[in-house]
>>> print(open('input37.cif').read())   # mmCIF, C-alpha atoms and all ligand atoms
data_upload
loop_
_atom_site.label_atom_id
_atom_site.label_comp_id
_atom_site.auth_asym_id
_atom_site.auth_seq_id
_atom_site.Cartn_x
_atom_site.Cartn_y
_atom_site.Cartn_z
CA MET A 1 47.36 71.95 86.85
CA SER A 2 45.18 70.20 89.46
CA TYR A 3 42.26 70.53 87.02
CA PHE A 4 43.74 67.87 84.76
CA LEU A 5 44.25 65.25 87.47
CA PRO A 6 40.55 64.79 88.20
CA LEU A 7 39.92 64.80 84.44
CA LEU A 8 42.26 61.85 83.87
CA SER A 9 40.80 59.83 86.76
CA ALA A 10 37.28 60.59 85.58
CA VAL A 11 38.10 59.37 82.08
CA ALA A 12 39.65 56.17 83.47
CA LEU A 13 36.71 55.49 85.78
CA PHE A 14 34.18 56.09 83.04
CA ALA A 15 35.98 53.79 80.60
CA ALA A 16 35.91 50.98 83.18
CA ALA A 17 32.28 51.44 84.21
CA PRO A 18 29.35 49.67 82.54
CA HIS A 19 27.13 52.25 80.89
CA ALA A 20 23.65 52.73 79.52
CA TYR A 21 24.55 53.47 75.90
CA GLY A 22 24.15 49.99 74.41
CA ALA A 23 26.48 49.21 71.57
CA ASP A 24 27.11 52.90 70.81
CA LYS A 25 30.57 54.33 71.26
CA PRO A 26 30.98 55.68 74.80
CA PRO A 27 30.38 59.42 74.96
CA VAL A 28 33.24 61.89 74.72
CA ASN A 29 34.24 62.92 78.23
CA ALA A 30 33.49 66.62 78.23
CA GLY A 31 35.01 67.28 81.63
CA PRO A 32 35.64 65.74 85.05
CA TYR A 33 33.19 66.18 87.89
CA VAL A 34 34.13 69.49 89.46
CA PRO A 35 31.12 71.26 90.99
CA SER A 36 30.63 74.98 90.45
CA PRO A 37 30.92 76.75 93.81
CA THR A 38 27.43 77.62 95.09
CA SER A 39 28.14 81.34 94.85
CA VAL A 40 29.00 80.93 91.15
CA VAL A 41 25.76 79.02 90.58
CA ALA A 42 23.80 81.91 92.12
CA ASP A 43 25.78 84.47 90.10
CA MET A 44 25.22 82.57 86.84
CA LEU A 45 21.46 82.34 87.33
CA THR A 46 21.26 85.97 88.44
CA LEU A 47 23.28 87.15 85.44
CA ALA A 48 20.79 85.44 83.11
CA GLU A 49 17.85 86.84 85.12
CA VAL A 50 16.36 83.36 85.47
CA GLY A 51 12.73 83.37 86.57
CA PRO A 52 9.62 81.16 86.85
CA GLN A 53 9.04 81.31 83.09
CA ASP A 54 12.40 79.72 82.32
CA PHE A 55 13.38 76.19 81.39
CA VAL A 56 16.99 75.55 82.40
CA ILE A 57 19.12 72.74 80.93
CA ASP A 58 22.52 71.96 82.45
CA LEU A 59 24.81 69.96 80.17
CA GLY A 60 26.93 67.79 82.46
CA SER A 61 24.87 68.42 85.57
CA GLY A 62 27.05 66.75 88.24
CA ASP A 63 25.18 66.78 91.58
CA GLY A 64 22.43 68.87 89.96
CA ARG A 65 23.13 72.09 91.84
CA ILE A 66 22.48 74.45 88.91
CA VAL A 67 19.05 73.08 87.96
CA LEU A 68 18.14 72.48 91.63
CA THR A 69 18.97 76.11 92.51
CA ALA A 70 17.17 77.38 89.39
CA ALA A 71 14.03 75.51 90.53
CA LYS A 72 14.23 76.06 94.29
CA VAL A 73 15.45 79.68 94.43
CA PHE A 74 14.51 81.16 91.04
CA GLY A 75 11.23 79.26 90.50
CA ALA A 76 12.28 77.84 87.10
CA ARG A 77 11.92 74.31 85.71
CA GLY A 78 14.51 72.25 83.93
CA PHE A 79 16.65 69.17 83.65
CA GLY A 80 20.25 68.10 83.74
CA VAL A 81 22.08 65.32 81.96
CA ASP A 82 25.25 63.56 82.99
CA ILE A 83 27.14 60.38 82.13
CA ASN A 84 27.86 59.69 85.78
CA GLU A 85 25.03 57.45 87.04
CA LYS A 86 25.86 58.03 90.71
CA LEU A 87 25.65 61.82 90.33
CA VAL A 88 22.38 61.60 88.39
CA LYS A 89 20.88 59.45 91.17
CA GLU A 90 22.12 61.88 93.81
CA ALA A 91 20.68 64.86 91.91
CA ASN A 92 17.25 63.19 91.57
CA GLU A 93 17.29 62.32 95.28
CA SER A 94 18.09 65.94 96.18
CA ALA A 95 15.19 67.10 93.98
CA LYS A 96 12.85 64.73 95.90
CA VAL A 97 14.16 65.80 99.31
CA GLN A 98 13.76 69.47 98.37
CA GLY A 99 10.21 68.83 97.09
CA ILE A 100 10.97 70.01 93.56
CA ALA A 101 11.14 66.69 91.67
CA ASP A 102 8.23 67.86 89.51
CA ARG A 103 10.34 70.81 88.29
CA ALA A 104 13.92 69.50 88.30
CA SER A 105 14.96 66.11 86.94
CA PHE A 106 18.17 64.43 85.88
CA THR A 107 18.93 61.76 83.29
CA ILE A 108 21.93 59.63 82.40
CA GLN A 109 22.59 60.92 78.93
CA ASP A 110 25.37 62.02 76.61
CA LEU A 111 25.22 65.82 76.51
CA PHE A 112 26.24 65.84 72.83
CA LYS A 113 23.08 63.84 72.00
CA THR A 114 20.69 65.66 74.30
CA ASP A 115 17.69 67.42 72.79
CA ILE A 116 18.17 70.99 74.05
CA ARG A 117 15.45 72.71 72.04
CA LYS A 118 13.26 73.28 75.11
CA ALA A 119 15.86 75.41 76.92
CA THR A 120 15.34 79.10 77.52
CA VAL A 121 18.55 79.03 79.59
CA LEU A 122 21.40 76.59 78.96
CA THR A 123 24.29 76.20 81.39
CA MET A 124 27.63 74.45 81.15
CA TYR A 125 30.82 74.02 83.10
CA LEU A 126 32.87 71.92 80.73
CA LEU A 127 36.37 71.79 79.30
CA PRO A 128 37.26 74.61 76.88
CA ASN A 129 37.44 72.40 73.77
CA THR A 130 34.08 70.79 74.63
CA VAL A 131 32.37 74.15 74.99
CA ASN A 132 33.50 74.92 71.47
CA MET A 133 32.54 71.49 70.12
CA LEU A 134 29.01 72.42 71.23
CA LYS A 135 28.88 75.80 69.50
CA ASP A 136 27.18 74.63 66.27
CA LYS A 137 24.65 72.54 68.23
CA LEU A 138 23.79 75.56 70.38
CA LEU A 139 23.35 77.82 67.36
CA THR A 140 21.28 75.28 65.45
CA GLU A 141 19.02 73.86 68.15
CA LEU A 142 18.37 76.74 70.54
CA SER A 143 15.69 79.33 69.79
CA PRO A 144 16.68 82.96 69.31
CA GLY A 145 16.78 84.70 72.68
CA THR A 146 17.91 81.62 74.64
CA ARG A 147 20.55 82.59 77.19
CA ILE A 148 23.69 80.46 77.45
CA LEU A 149 25.88 80.60 80.55
CA SER A 150 29.36 79.16 80.48
CA HIS A 151 31.41 78.91 83.64
CA ASP A 152 35.07 79.76 82.96
CA TYR A 153 35.32 79.02 79.23
CA PRO A 154 34.17 81.19 76.32
CA LEU A 155 32.65 80.24 72.98
CA ALA A 156 35.27 81.23 70.42
CA GLY A 157 34.20 83.94 67.99
CA TRP A 158 30.94 84.67 69.82
CA ILE A 159 30.83 88.03 71.59
CA PRO A 160 29.25 87.56 75.03
CA GLU A 161 26.32 89.73 75.99
CA LYS A 162 27.81 90.01 79.47
CA TYR A 163 30.95 88.79 81.09
CA VAL A 164 31.81 88.70 84.79
CA GLN A 165 35.21 88.08 86.31
CA MET A 166 35.82 87.54 90.02
CA ASP A 167 38.31 86.01 92.41
CA LEU A 168 37.19 83.04 94.49
CA GLU A 169 39.31 81.12 96.96
CA ASP A 170 37.17 77.99 96.27
CA LYS A 171 38.60 77.86 92.76
CA VAL A 172 42.21 77.34 93.82
CA ILE A 173 41.59 73.65 94.47
CA ILE A 174 39.90 73.31 91.05
CA SER A 175 42.07 75.30 88.69
CA GLY A 176 45.03 76.45 90.77
CA VAL A 177 44.00 80.10 90.55
CA THR A 178 41.25 82.21 92.09
CA THR A 179 40.06 83.62 88.76
CA THR A 180 36.45 82.78 87.93
CA LEU A 181 34.67 83.82 84.77
CA ILE A 182 31.04 83.69 83.75
CA TYR A 183 30.05 84.30 80.13
CA LEU A 184 26.47 85.09 79.12
CA TYR A 185 25.53 84.64 75.45
CA VAL A 186 22.18 85.23 73.77
CA VAL A 187 21.29 83.05 70.76
CA PRO A 188 20.75 85.30 67.75
CA ALA A 189 18.01 84.99 65.13
CA LYS A 190 19.07 84.31 61.56
CA ALA A 191 19.18 87.56 59.59
CA GLU A 192 21.73 86.69 56.92
CA GLY A 193 20.52 87.08 53.34
CA ALA A 194 18.70 89.51 51.10
CA TRP A 195 15.69 91.48 52.33
CA SER A 196 13.27 93.76 50.54
CA ALA A 197 12.70 96.69 52.91
CA LYS A 198 10.02 99.40 53.08
CA LEU A 199 11.34 102.57 54.70
CA PRO A 200 9.38 105.71 55.64
CA ALA A 201 8.74 107.87 52.55
CA SER A 202 10.98 110.60 53.98
CA LEU A 203 13.92 108.18 53.68
CA SER A 204 13.04 106.35 50.49
CA ARG A 205 9.94 106.08 48.33
CA ASP A 206 11.34 103.03 46.55
CA ALA A 207 11.78 99.54 47.96
CA VAL A 208 15.24 99.14 49.44
CA ARG A 209 17.28 95.97 49.09
CA LEU A 210 19.13 95.06 52.27
CA THR A 211 21.90 92.51 51.99
CA LEU A 212 22.93 91.22 55.40
CA LYS A 213 25.92 89.16 56.41
CA GLN A 214 25.97 87.61 59.87
CA GLN A 215 28.81 86.37 61.99
CA ILE A 216 26.92 84.96 65.00
CA THR A 217 25.71 88.23 66.59
CA ARG A 218 27.56 90.70 64.36
CA VAL A 219 25.75 91.98 61.30
CA SER A 220 27.28 93.80 58.37
CA GLY A 221 26.09 94.49 54.83
CA ALA A 222 24.59 97.23 52.73
CA ALA A 223 21.35 98.88 51.72
CA ARG A 224 20.79 99.55 48.03
CA ILE A 225 18.85 102.81 47.77
CA GLY A 226 18.16 104.60 44.47
CA GLY A 227 21.11 102.90 42.74
CA ARG A 228 23.46 103.71 45.63
CA GLU A 229 24.97 101.27 48.16
CA VAL A 230 25.10 102.46 51.76
CA LEU A 231 27.06 100.36 54.22
CA LEU A 232 25.45 99.30 57.51
CA GLU A 233 27.26 100.37 60.65
CA GLU A 234 27.26 98.85 64.15
CA GLY A 235 24.96 95.99 63.09
CA LYS A 236 24.13 93.46 65.79
CA LEU A 237 21.60 90.90 66.91
CA ARG A 238 20.47 90.21 70.44
CA GLY A 239 18.11 87.28 70.12
CA GLU A 240 15.50 88.44 67.59
CA ARG A 241 16.40 92.08 68.13
CA LEU A 242 18.31 93.56 65.16
CA SER A 243 19.93 97.00 65.27
CA PHE A 244 22.13 98.94 62.87
CA LYS A 245 22.85 102.44 61.69
CA LEU A 246 22.60 103.82 58.14
CA ALA A 247 23.72 107.20 56.78
CA LEU A 248 20.91 108.56 54.59
CA ASN A 249 20.06 112.05 53.35
CA GLY A 250 23.05 113.54 55.15
CA ARG A 251 22.08 112.13 58.56
CA MET A 252 22.74 108.98 60.54
CA TRP A 253 19.67 106.82 61.29
CA ASP A 254 19.16 104.23 64.02
CA PHE A 255 17.28 101.14 62.85
CA THR A 256 15.91 98.56 65.29
CA GLY A 257 13.64 95.65 64.50
CA THR A 258 12.48 92.16 65.37
CA VAL A 259 13.54 89.37 63.02
CA HIS A 260 10.85 86.69 63.02
CA GLY A 261 9.52 84.19 60.47
CA GLY A 262 11.09 85.75 57.37
CA ALA A 263 10.08 89.30 58.28
CA ILE A 264 11.55 92.25 60.11
CA GLU A 265 9.32 94.84 61.80
CA GLY A 266 10.78 97.81 63.57
CA THR A 267 11.32 101.52 63.94
CA VAL A 268 13.86 104.05 62.67
CA SER A 269 14.74 107.41 64.13
CA ASP A 270 17.60 109.80 63.63
CA VAL A 271 20.54 109.12 65.88
CA GLY A 272 19.83 112.11 68.12
CA GLY A 273 16.44 110.61 69.10
CA GLY A 274 13.45 112.32 67.52
CA THR A 275 10.33 110.83 65.96
CA LYS A 276 10.26 107.11 65.37
CA PHE A 277 8.97 105.85 62.02
CA ALA A 278 7.97 102.29 61.21
CA TRP A 279 9.99 100.22 58.75
CA SER A 280 9.70 96.58 57.72
CA ALA A 281 11.40 94.03 55.51
CA ALA A 282 10.55 90.67 53.99
CA ALA A 283 13.05 87.99 53.03
CA ALA A 284 13.76 88.42 49.31
CA ARG A 285 13.73 85.36 47.09
C1 LIG B 1 32.78 70.32 85.66
S1 LIG B 1 31.42 69.23 86.00
C2 LIG B 1 30.09 70.40 86.10
C3 LIG B 1 28.98 69.96 87.03
C4 LIG B 1 27.85 71.00 87.15
N1 LIG B 1 27.36 71.42 85.87
C5 LIG B 1 28.31 72.20 87.94
O1 LIG B 1 28.59 73.24 87.31
O2 LIG B 1 28.40 72.09 89.17
C6 LIG B 1 31.19 68.46 84.39
C7 LIG B 1 30.21 67.29 84.38
O3 LIG B 1 30.04 66.87 83.03
C8 LIG B 1 29.83 65.47 83.00
N2 LIG B 1 30.11 64.98 81.65
C9 LIG B 1 31.30 64.84 81.02
N3 LIG B 1 31.14 64.39 79.77
C10 LIG B 1 29.80 64.23 79.57
C11 LIG B 1 29.01 63.81 78.47
N4 LIG B 1 29.54 63.44 77.30
N5 LIG B 1 27.67 63.79 78.64
C12 LIG B 1 27.09 64.14 79.82
N6 LIG B 1 27.80 64.55 80.90
C13 LIG B 1 29.14 64.62 80.78
C14 LIG B 1 30.77 64.96 84.08
O4 LIG B 1 30.38 63.69 84.54
C15 LIG B 1 30.67 66.07 85.15
O5 LIG B 1 29.73 65.74 86.13
#
>>> encode(input="input37.cif", output="structure tokens", more="lines below")
Ligand SMILES: C[S@@+](CC[C@H](N)C(=O)[O-])C[C@H]1O[C@@H](n2cnc3c(N)ncnc32)[C@H](O)[C@@H]1O
Amino acid sequence: MSYFLPLLSAVALFAAAPHAYGADKPPVNAGPYVPSPTSVVADMLTLAEVGPQDFVIDLGSGDGRIVLTAAKVFGARGFGVDINEKLVKEANESAKVQGIADRASFTIQDLFKTDIRKATVLTMYLLPNTVNMLKDKLLTELSPGTRILSHDYPLAGWIPEKYVQMDLEDKVIISGVTTTLIYLYVVPAKAEGAWSAKLPASLSRDAVRLTLKQQITRVSGAARIGGREVLLEEGKLRGERLSFKLALNGRMWDFTGTVHGGAIEGTVSDVGGGTKFAWSAAAAR
């Protein structure tokens, strides 16, 4: 219940404040300022295995703690955006004081209009409906393999790669309960469509037509082999990594591959392990 009180005051304050968006409509308020407890920040960044090679973007960055911690403790770079000018100023000042202003910066910007393509890790602690309003933007703009961390609220219809639940006393003042959730998602490559696949000769001497359907990270479909349709089982995508099983020649086969630039390259072995054979596919016209 207490979560909604700060939200209403934040909306009222924002509506009254002058802003830097010119004649544009004021941005949708995606959530009140409620900082993630520092332990949750550390858990989020640890769950995503953030490191020096990462570029972290926090949508609605508040006092900047997520990007500041990513830079200071995990050696990453990144930026945060927020509509609250005071918080953006505070976050930039903290970056200066901590000597990491070259790696962590903050801008007054509407998160819905922010260019997020540079992110390798994207974080958010926003209201549940906002998280879902962002789903298409995340899927369209982020590269396959980008990790998304959402504090407390899931992306509907998207199976998280990992999910952590814990009890934190700090959360009682925020949401009235101790429950804290962290969801980790990995942006999948696009594999939907028809593919012309080359399998090892022991499985098929003819080209095989794969027809894939994709529901975010879940993959279903069929392989057309010698006039026969075989349904894919347990198909999934983790970033560019595709995996599925196919029953061929009286055995079950494990297929894995990397989906990249209209091609799939990978290996296939029988489910019990055994020798790995190369297979590949090209997007069919
Ligand atoms: C719950 S706080 C999260 C702060 C920080 N990410 C954290 O986890 O500590 C949500 C933040 O989103 C900001 N916000 C709300 N709507 C926004 C919008 N349309 N564009 C940018 N920031 C927004 C708020 O000002 C607030 O600071």
>>> residues_around(input="input37.cif", residues="Arg228 (chain A)", least_positions_apart="6", cutoff="12 Å", atoms="all atoms listed in the file", output="list in words")
Ser204, Val208, Arg209, Leu210, Ala222, Ala247, Leu248 and Asn249 of chain A
>>> residues_around(input="input37.cif", residues="region 63-74 of chain A", least_positions_apart="6", cutoff="7 Å", atoms="only C-alpha atoms", output="compact mmCIF listing (two decimals) with C-alpha atoms, keeping the file's coordinate frame")
# COMPACT_ATOMS: atom_id res chain seq x y z
CA VAL A 41 25.76 79.02 90.58
CA LEU A 45 21.46 82.34 87.33
CA VAL A 50 16.36 83.36 85.47
CA GLY A 51 12.73 83.37 86.57
CA PRO A 52 9.62 81.16 86.85
CA VAL A 56 16.99 75.55 82.40
CA GLY A 80 20.25 68.10 83.74
CA LEU A 87 25.65 61.82 90.33
CA VAL A 88 22.38 61.60 88.39
CA GLU A 90 22.12 61.88 93.81
CA ALA A 91 20.68 64.86 91.91
CA ALA A 95 15.19 67.10 93.98
CA ILE A 100 10.97 70.01 93.56
CA ARG A 103 10.34 70.81 88.29
CA ALA A 104 13.92 69.50 88.30
>>> closest_atom_pairs(input="input37.cif", of="chain A", to="ligand LIG 1 (chain B)", cutoff="10 Å", atoms="all atoms listed in the file", output="Markdown table")
| residue | atom | partner | partner_atom | distance |
| --- | --- | --- | --- | --- |
| A:Tyr3 | CA | B:LIG1 | C1 | 9.6 |
| A:Pro6 | CA | B:LIG1 | C1 | 9.9 |
| A:Leu7 | CA | B:LIG1 | C1 | 9.1 |
| A:Ala10 | CA | B:LIG1 | O4 | 7.6 |
| A:Val11 | CA | B:LIG1 | C9 | 8.8 |
| A:Phe14 | CA | B:LIG1 | O4 | 8.6 |
| A:Pro26 | CA | B:LIG1 | N4 | 8.3 |
| A:Pro27 | CA | B:LIG1 | N4 | 4.7 |
| A:Val28 | CA | B:LIG1 | N4 | 4.8 |
| A:Asn29 | CA | B:LIG1 | N3 | 3.8 |
| A:Ala30 | CA | B:LIG1 | N3 | 3.6 |
| A:Gly31 | CA | B:LIG1 | C9 | 4.5 |
| A:Pro32 | CA | B:LIG1 | C15 | 5.0 |
| A:Tyr33 | CA | B:LIG1 | C15 | 3.7 |
| A:Val34 | CA | B:LIG1 | C1 | 4.1 |
| A:Pro35 | CA | B:LIG1 | O2 | 3.4 |
| A:Ser36 | CA | B:LIG1 | O2 | 3.9 |
| A:Pro37 | CA | B:LIG1 | O2 | 7.0 |
| A:Thr38 | CA | B:LIG1 | O2 | 8.2 |
| A:Val40 | CA | B:LIG1 | O1 | 8.6 |
| A:Val41 | CA | B:LIG1 | O1 | 7.2 |
| A:Met44 | CA | B:LIG1 | O1 | 9.9 |
| A:Ile57 | CA | B:LIG1 | N1 | 9.7 |
| A:Asp58 | CA | B:LIG1 | N1 | 6.0 |
| A:Leu59 | CA | B:LIG1 | N6 | 6.2 |
| A:Gly60 | CA | B:LIG1 | O3 | 3.3 |
| A:Ser61 | CA | B:LIG1 | N1 | 3.9 |
| A:Gly62 | CA | B:LIG1 | O5 | 3.6 |
| A:Asp63 | CA | B:LIG1 | O2 | 6.7 |
| A:Gly64 | CA | B:LIG1 | C4 | 6.5 |
| A:Arg65 | CA | B:LIG1 | O2 | 5.9 |
| A:Ile66 | CA | B:LIG1 | C5 | 6.3 |
| A:Val67 | CA | B:LIG1 | N1 | 8.7 |
| A:Gly80 | CA | B:LIG1 | N1 | 8.1 |
| A:Val81 | CA | B:LIG1 | C12 | 5.6 |
| A:Asp82 | CA | B:LIG1 | N6 | 3.4 |
| A:Ile83 | CA | B:LIG1 | N6 | 4.4 |
| A:Asn84 | CA | B:LIG1 | O4 | 4.9 |
| A:Glu85 | CA | B:LIG1 | O4 | 8.6 |
| A:Lys86 | CA | B:LIG1 | O4 | 9.5 |
| A:Leu87 | CA | B:LIG1 | O5 | 7.0 |
| A:Val88 | CA | B:LIG1 | O5 | 8.7 |
| A:Thr107 | CA | B:LIG1 | C12 | 9.2 |
| A:Ile108 | CA | B:LIG1 | C12 | 7.3 |
| A:Gln109 | CA | B:LIG1 | C12 | 5.6 |
| A:Asp110 | CA | B:LIG1 | N5 | 3.5 |
| A:Leu111 | CA | B:LIG1 | N5 | 3.8 |
| A:Phe112 | CA | B:LIG1 | N4 | 6.1 |
| A:Lys113 | CA | B:LIG1 | N5 | 8.1 |
| A:Thr114 | CA | B:LIG1 | N5 | 8.4 |
| A:Thr123 | CA | B:LIG1 | N1 | 7.2 |
| A:Met124 | CA | B:LIG1 | N1 | 5.6 |
| A:Tyr125 | CA | B:LIG1 | C2 | 4.8 |
| A:Leu126 | CA | B:LIG1 | C1 | 5.2 |
| A:Leu127 | CA | B:LIG1 | C1 | 7.4 |
| A:Thr130 | CA | B:LIG1 | N3 | 8.7 |
| A:Ser150 | CA | B:LIG1 | O1 | 9.1 |
| A:His151 | CA | B:LIG1 | O1 | 7.3 |
| A:Ile174 | CA | B:LIG1 | C1 | 9.4 |
>>> residues_around(input="input37.cif", residues="Asp206 (chain A)", least_positions_apart="3", cutoff="8 Å", atoms="all atoms listed in the file", output="list in words")
Lys198, Ile225 and Gly226 of chain A
>>> write_last_selection(input="input37.cif", atoms="C-alpha atoms", output="compact mmCIF listing (two decimals), in the frame of the given file")
# COMPACT_ATOMS: atom_id res chain seq x y z
CA LYS A 198 10.02 99.40 53.08
CA ILE A 225 18.85 102.81 47.77
CA GLY A 226 18.16 104.60 44.47
>>> atom_distance(input="input37.cif", atom1="CA of Glu49 (chain A)", atom2="CA of Gly157 (chain A)")
23.9 Å
>>> residues_around(input="input37.cif", residues="Ser105 (chain A)", least_positions_apart="3", cutoff="7 Å", atoms="all atoms listed in the file", output="CSV table (one decimal) with C-alpha atoms, in the frame of the given file")
chain,number,residue,atom,x,y,z
A,78,GLY,CA,14.5,72.2,83.9
A,79,PHE,CA,16.6,69.2,83.6
A,80,GLY,CA,20.2,68.1,83.7
A,92,ASN,CA,17.2,63.2,91.6
A,101,ALA,CA,11.1,66.7,91.7
>>> atom_distance(input="input37.cif", atom1="CA of Glu161 (chain A)", atom2="CA of Arg238 (chain A)")
8.1 Å
>>> atom_distance(input="input37.cif", atom1="CA of Ala197 (chain A)", atom2="CA of Arg251 (chain A)")
18.9 Å
>>> closest_residue(input="input37.cif", among="A:Glu192, A:Glu169, A:Leu203, A:Thr180", to="Gly221 (chain A)", atoms="only C-alpha atoms")
A:Glu192
>>> axis_aligned_box(input="input37.cif", around="region 92-96 of chain A", padding_each_side="5 Å", output="AutoDock Vina command-line options")
--center_x 15.5 --center_y 64.7 --center_z 93.9 --size_x 15.2 --size_y 14.8 --size_z 14.6
>>> residues_around(input="input37.cif", residues="Tyr183 (chain A)", least_positions_apart="3", cutoff="9 Å", atoms="all atoms listed in the file", output="list in words")
Met44, Ile148, Leu149, Ser150, His151, Asp152, Tyr153, Pro154, Leu155, Pro160, Glu161, Lys162, Tyr163, Val164 and Gln165 of chain A
>>> closest_residue(input="input37.cif", among="A:Ser39, A:Thr258, A:Asn132, A:Thr211", to="Ala223 (chain A)", atoms="all atoms listed in the file")
A:Thr211
>>> closest_residue(input="input37.cif", among="A:Gly176, A:Ala281, A:Gly75, A:Ile116", to="Ala207 (chain A)", atoms="only C-alpha atoms")
A:Ala281
>>> build_atoms(input="input37.cif", residues="region 238-260 of chain A", atoms="N, CA and C atoms", output="short mmCIF file (atom, residue, chain, number, x, y, z; two decimals), in the frame of the given file")
data_model
loop_
_atom_site.label_atom_id
_atom_site.label_comp_id
_atom_site.auth_asym_id
_atom_site.auth_seq_id
_atom_site.Cartn_x
_atom_site.Cartn_y
_atom_site.Cartn_z
N ARG A 238 20.60 90.75 69.08
CA ARG A 238 20.47 90.21 70.44
C ARG A 238 19.17 89.41 70.42
N GLY A 239 19.30 88.09 70.33
CA GLY A 239 18.11 87.28 70.12
C GLY A 239 17.47 87.67 68.79
N GLU A 240 16.18 88.04 68.83
CA GLU A 240 15.50 88.44 67.59
C GLU A 240 15.66 89.93 67.30
N ARG A 241 16.32 90.62 68.22
CA ARG A 241 16.40 92.08 68.13
C ARG A 241 17.58 92.50 67.25
N LEU A 242 17.27 93.11 66.10
CA LEU A 242 18.31 93.56 65.16
C LEU A 242 18.48 95.07 65.31
N SER A 243 19.71 95.54 65.29
CA SER A 243 19.93 97.00 65.27
C SER A 243 21.11 97.32 64.36
N PHE A 244 21.02 98.45 63.70
CA PHE A 244 22.13 98.94 62.87
C PHE A 244 21.92 100.41 62.60
N LYS A 245 22.96 101.03 62.06
CA LYS A 245 22.85 102.44 61.69
C LYS A 245 23.07 102.56 60.18
N LEU A 246 22.41 103.55 59.58
CA LEU A 246 22.60 103.82 58.14
C LEU A 246 22.69 105.33 57.94
N ALA A 247 23.62 105.77 57.11
CA ALA A 247 23.72 107.20 56.78
C ALA A 247 22.88 107.47 55.53
N LEU A 248 21.81 108.25 55.72
CA LEU A 248 20.91 108.56 54.59
C LEU A 248 20.55 110.03 54.62
N ASN A 249 20.46 110.63 53.47
CA ASN A 249 20.06 112.05 53.35
C ASN A 249 20.89 112.96 54.26
N GLY A 250 22.16 112.67 54.37
CA GLY A 250 23.05 113.54 55.15
C GLY A 250 22.94 113.38 56.65
N ARG A 251 22.20 112.35 57.10
CA ARG A 251 22.08 112.13 58.56
C ARG A 251 22.28 110.65 58.86
N MET A 252 22.60 110.39 60.12
CA MET A 252 22.74 108.98 60.54
C MET A 252 21.42 108.53 61.17
N TRP A 253 20.95 107.34 60.79
CA TRP A 253 19.67 106.82 61.29
C TRP A 253 19.88 105.53 62.06
N ASP A 254 19.14 105.42 63.17
CA ASP A 254 19.16 104.23 64.02
C ASP A 254 18.02 103.31 63.63
N PHE A 255 18.32 102.11 63.18
CA PHE A 255 17.28 101.14 62.85
C PHE A 255 17.23 100.07 63.95
N THR A 256 16.06 99.74 64.42
CA THR A 256 15.91 98.56 65.29
C THR A 256 14.73 97.76 64.74
N GLY A 257 14.74 96.46 65.00
CA GLY A 257 13.64 95.65 64.50
C GLY A 257 13.68 94.25 65.08
N THR A 258 12.57 93.55 64.91
CA THR A 258 12.48 92.16 65.37
C THR A 258 12.49 91.25 64.15
N VAL A 259 13.43 90.31 64.14
CA VAL A 259 13.54 89.37 63.02
C VAL A 259 12.75 88.13 63.39
N HIS A 260 11.69 87.84 62.64
CA HIS A 260 10.85 86.69 63.02
C HIS A 260 10.13 86.16 61.79
#
